[in-house]
Every structure is written in structure tokens, then in C-alpha cells.
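Undergrad: A single structure is presented below for examination.
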Amino acid sequence: PGILFQSESVSAMHRYSKTGVDTSRTACAKGADLRVHFKNTAETAAAVRNMNVDKAIAYLEAVMDHKRCIPFLRFNGGVGRTAQAKNEGNSIGQGRWPKKSCQYVMDLLKNAKANAEKKGLDTDNLVIVHAQVNQAPRGRRRTYRAHGRINAYMSSPSHIEVIVEDKSGDVPAAIEDSKVRKLSKVQRARALRSGATSA
């Protein structure tokens, strides 16, 4: 078990769950059976998804220094509140500082960035278009309890994969739609709040 690095986006031997990516503009990295908690790592990956790679690495370093936190939005049962979580977009305020998860995700991002550099992509404009964490088979151990009993004492390892894309190219102009799209009540209210004149 350990980190498996790969520079191509999809191959027959190492599949990525995201399909239909432009291999000429993307680079990726993945790790299998990593000894890091699944739930913490899933929240960490969700926090950096769609971020610029350099900003994501700086963010994870700040989390490890306890200057910022990872907001826990899904696996948040019993997670304590912190004022830092509201700054990261969690209205409930639940957040933690999962150091080991941050280190693993950061190492994969650095590897994906190196793979992108080898492919000749612009490393200053890399965006994390895909960051996914899956549960790996659990490691089984045992712990000994009172009165001669034995309980399971299992680890929760993870499979992690990231895909970064070079967004430095020109954005194609949107095709004008001749048919006016009807807005819902929520969309009209949002447009009015944002100051748009036509709703």
C-alpha cells in the first residue's frame, strides 16, 4: 500500500472515476490504500475541489498551522464548532484541522502539479477539477476488553484521486440562445437581490 503516481489521465491499468476529460490539458495523481481516515480525507478533498492548485496547497498548509480549518459538511456528527469554519463557508460552524489528511492530499496535489509540468502545462493556472476519496478495505485488528471479551479495532483507509486541468486557454464565447429561458421564482428573487434590472 502507498501512493501510486500517474501522469496520464486515464489508462487501462489505473482507471479514474471521472471520464471524458481532455488528456492534453489535464494531469492526475492517485493513491491507493492510504492509511488515513476516510471521513476526514473526504472533507479535506471537498474543501479544495475547484480551487487553484497553488491556493489549495497554501490553504492546506494554513490548516496544518491551525490558521484556517476544514469545514465538515457531511461527516459532521459530534464535530465541534469553531469560528474559522464560518469563514470557510460552513454556516453551522463545524470544522476541524485533520493534519494527516491535509498532508496526504497536499502530497497528491504536488505530484499532480509535477505531472502537469512534465506534460508542459501552465502550472500557475491549474485548477482541481476532480478530487475524490473512496473507502478502501478496512484493516482488521483486535482490542481486548474486560471479562475476556474481544472487540474489533479497525482502521478506515482511503483511495484518493485528483485531476488538475490547465485553465489558461481562452474561454470560447457562449452561443447566444434565441429562446429566452424562463426563470424560476427563486432565480428571479436572486436576480432582484443581486441588483439585476430584468427579472
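By order in the C-alpha cells, chains are A, B, ...; within a chain, residues start at 1; ligands start at 1, following the order shown.
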Excluding same-chain residues fewer than 6 positions from Phe38 in chain A, what lies within 8 Å of it counting only C-alpha atoms, as an MDAnalysis selection string?
TA: chainID A and resid 133:135 156:158
Undergrad: So which residues of range 1-195 of chain A fall under helix (DSSP H, G or I) by DSSP, listed as an NGL selection string?
TA: :A and (38-48 or 53-64 or 83-87 or 99-118 or 123-125 or 146-148 or 185-193)
Undergrad: Report as a list in words all protein, DNA and RNA residues lying within 9 Å of Asn151 in chain A, evaluated on only C-alpha atoms, omitting residues in the same chain fewer than 5 positions from it.
TA: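 Contacts, with the query itself left out: Arg141, Arg142, Thr143, Tyr144 and Arg145 of chain A.
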Undergrad: Keeping only C-alpha atoms, write the selected residues as a CSV table (one decimal), in the first residue's frame.
TA:
```csv
chain,number,residue,atom,x,y,z
A,141,ARG,CA,-7.1,-5.6,14.4
A,142,ARG,CA,-8.5,-6.6,17.8
A,143,THR,CA,-8.7,-5.0,21.2
A,144,TYR,CA,-9.1,-6.8,24.5
A,145,ARG,CA,-11.9,-5.9,26.8
```
Undergrad: When distances are computed from only C-alpha atoms, which of A:Ala136, A:Thr44, A:Leu108, A:Ile163 shows the smallest separation from Thr19 in chain A?
TA: A:Ile163
Undergrad: As an exercise, work out the distance from CA of Phe72 in chain A to CA of Met106 in chain A in Å and give it to one decimal place.
TA: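 Atom-to-atom, CA of Phe72 in chain A to CA of Met106 in chain A, that is 18.0 Å.
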Undergrad: Quote the spacing between CA of Val48 in chain A and CA of Val129 in chain A in Å to one decimal place.
TA: 9.7 Å
Undergrad: Met51 in chain A: which residues within 8 Å, counting only C-alpha atoms, same-chain residues fewer than 4 positions away excluded, as an NGL selection string?
TA: :A and (55-56 or 127-128)
Undergrad: Put those residues in a file: C-alpha atoms, as a PDB file, in the first residue's frame.
TA:
```
ATOM      1  CA  LYS A  55      -4.097  28.245  -3.472  1.00  0.00           C
ATOM      2  CA  ALA A  56      -5.172  24.777  -2.340  1.00  0.00           C
ATOM      3  CA  VAL A 127      -7.468  24.018 -11.223  1.00  0.00           C
ATOM      4  CA  ILE A 128      -8.564  20.923  -9.286  1.00  0.00           C
TER       5      ILE A 128
END
```
Undergrad: Could you give me, as a ChimeraX atom specification, each residue of chain A that DSSP assigns to strand (DSSP E or B) when run on this structure's backbone?
TA: /A:2-4,26-34,52,70-71,81,94-96,126-135,142-144,150-152,158-166
Undergrad: If you measure from CA of Tyr59 in chain A to CA of Val164 in chain A, what distance in Å do you get, rounded to one decimal?
TA: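 Between CA of Tyr59 in chain A and CA of Val164 in chain A the gap works out to 16.5 Å.
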Undergrad: Within 12 Å of Asn90 in chain A, counting only C-alpha atoms, which residues show up once you throw out same-chain ones fewer than 6 positions away? Write them as a PyMOL selection string, please.
TA: chain A and resi 43+47+69-74+76+81-84+96
Undergrad: When you look at Pro98 in chain A with a cut-off of 8 Å (counting only C-alpha atoms), what residues show up, excluding the ones that are within fewer than 2 positions of it in the same chain? I need them as a ChimeraX atom specification.
TA: /A:40-41,44,63-64,70,96,100-102
Undergrad: Which of these residues is nearest to Gly139 in chain A, using only C-alpha atoms: A:Ser17, A:Ser91, A:Asn50, A:Ser155?
TA: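 Checking each of A:Ser17, A:Ser91, A:Asn50, A:Ser155 against Gly139 in chain A, counting only C-alpha atoms, the winner is A:Ser155.
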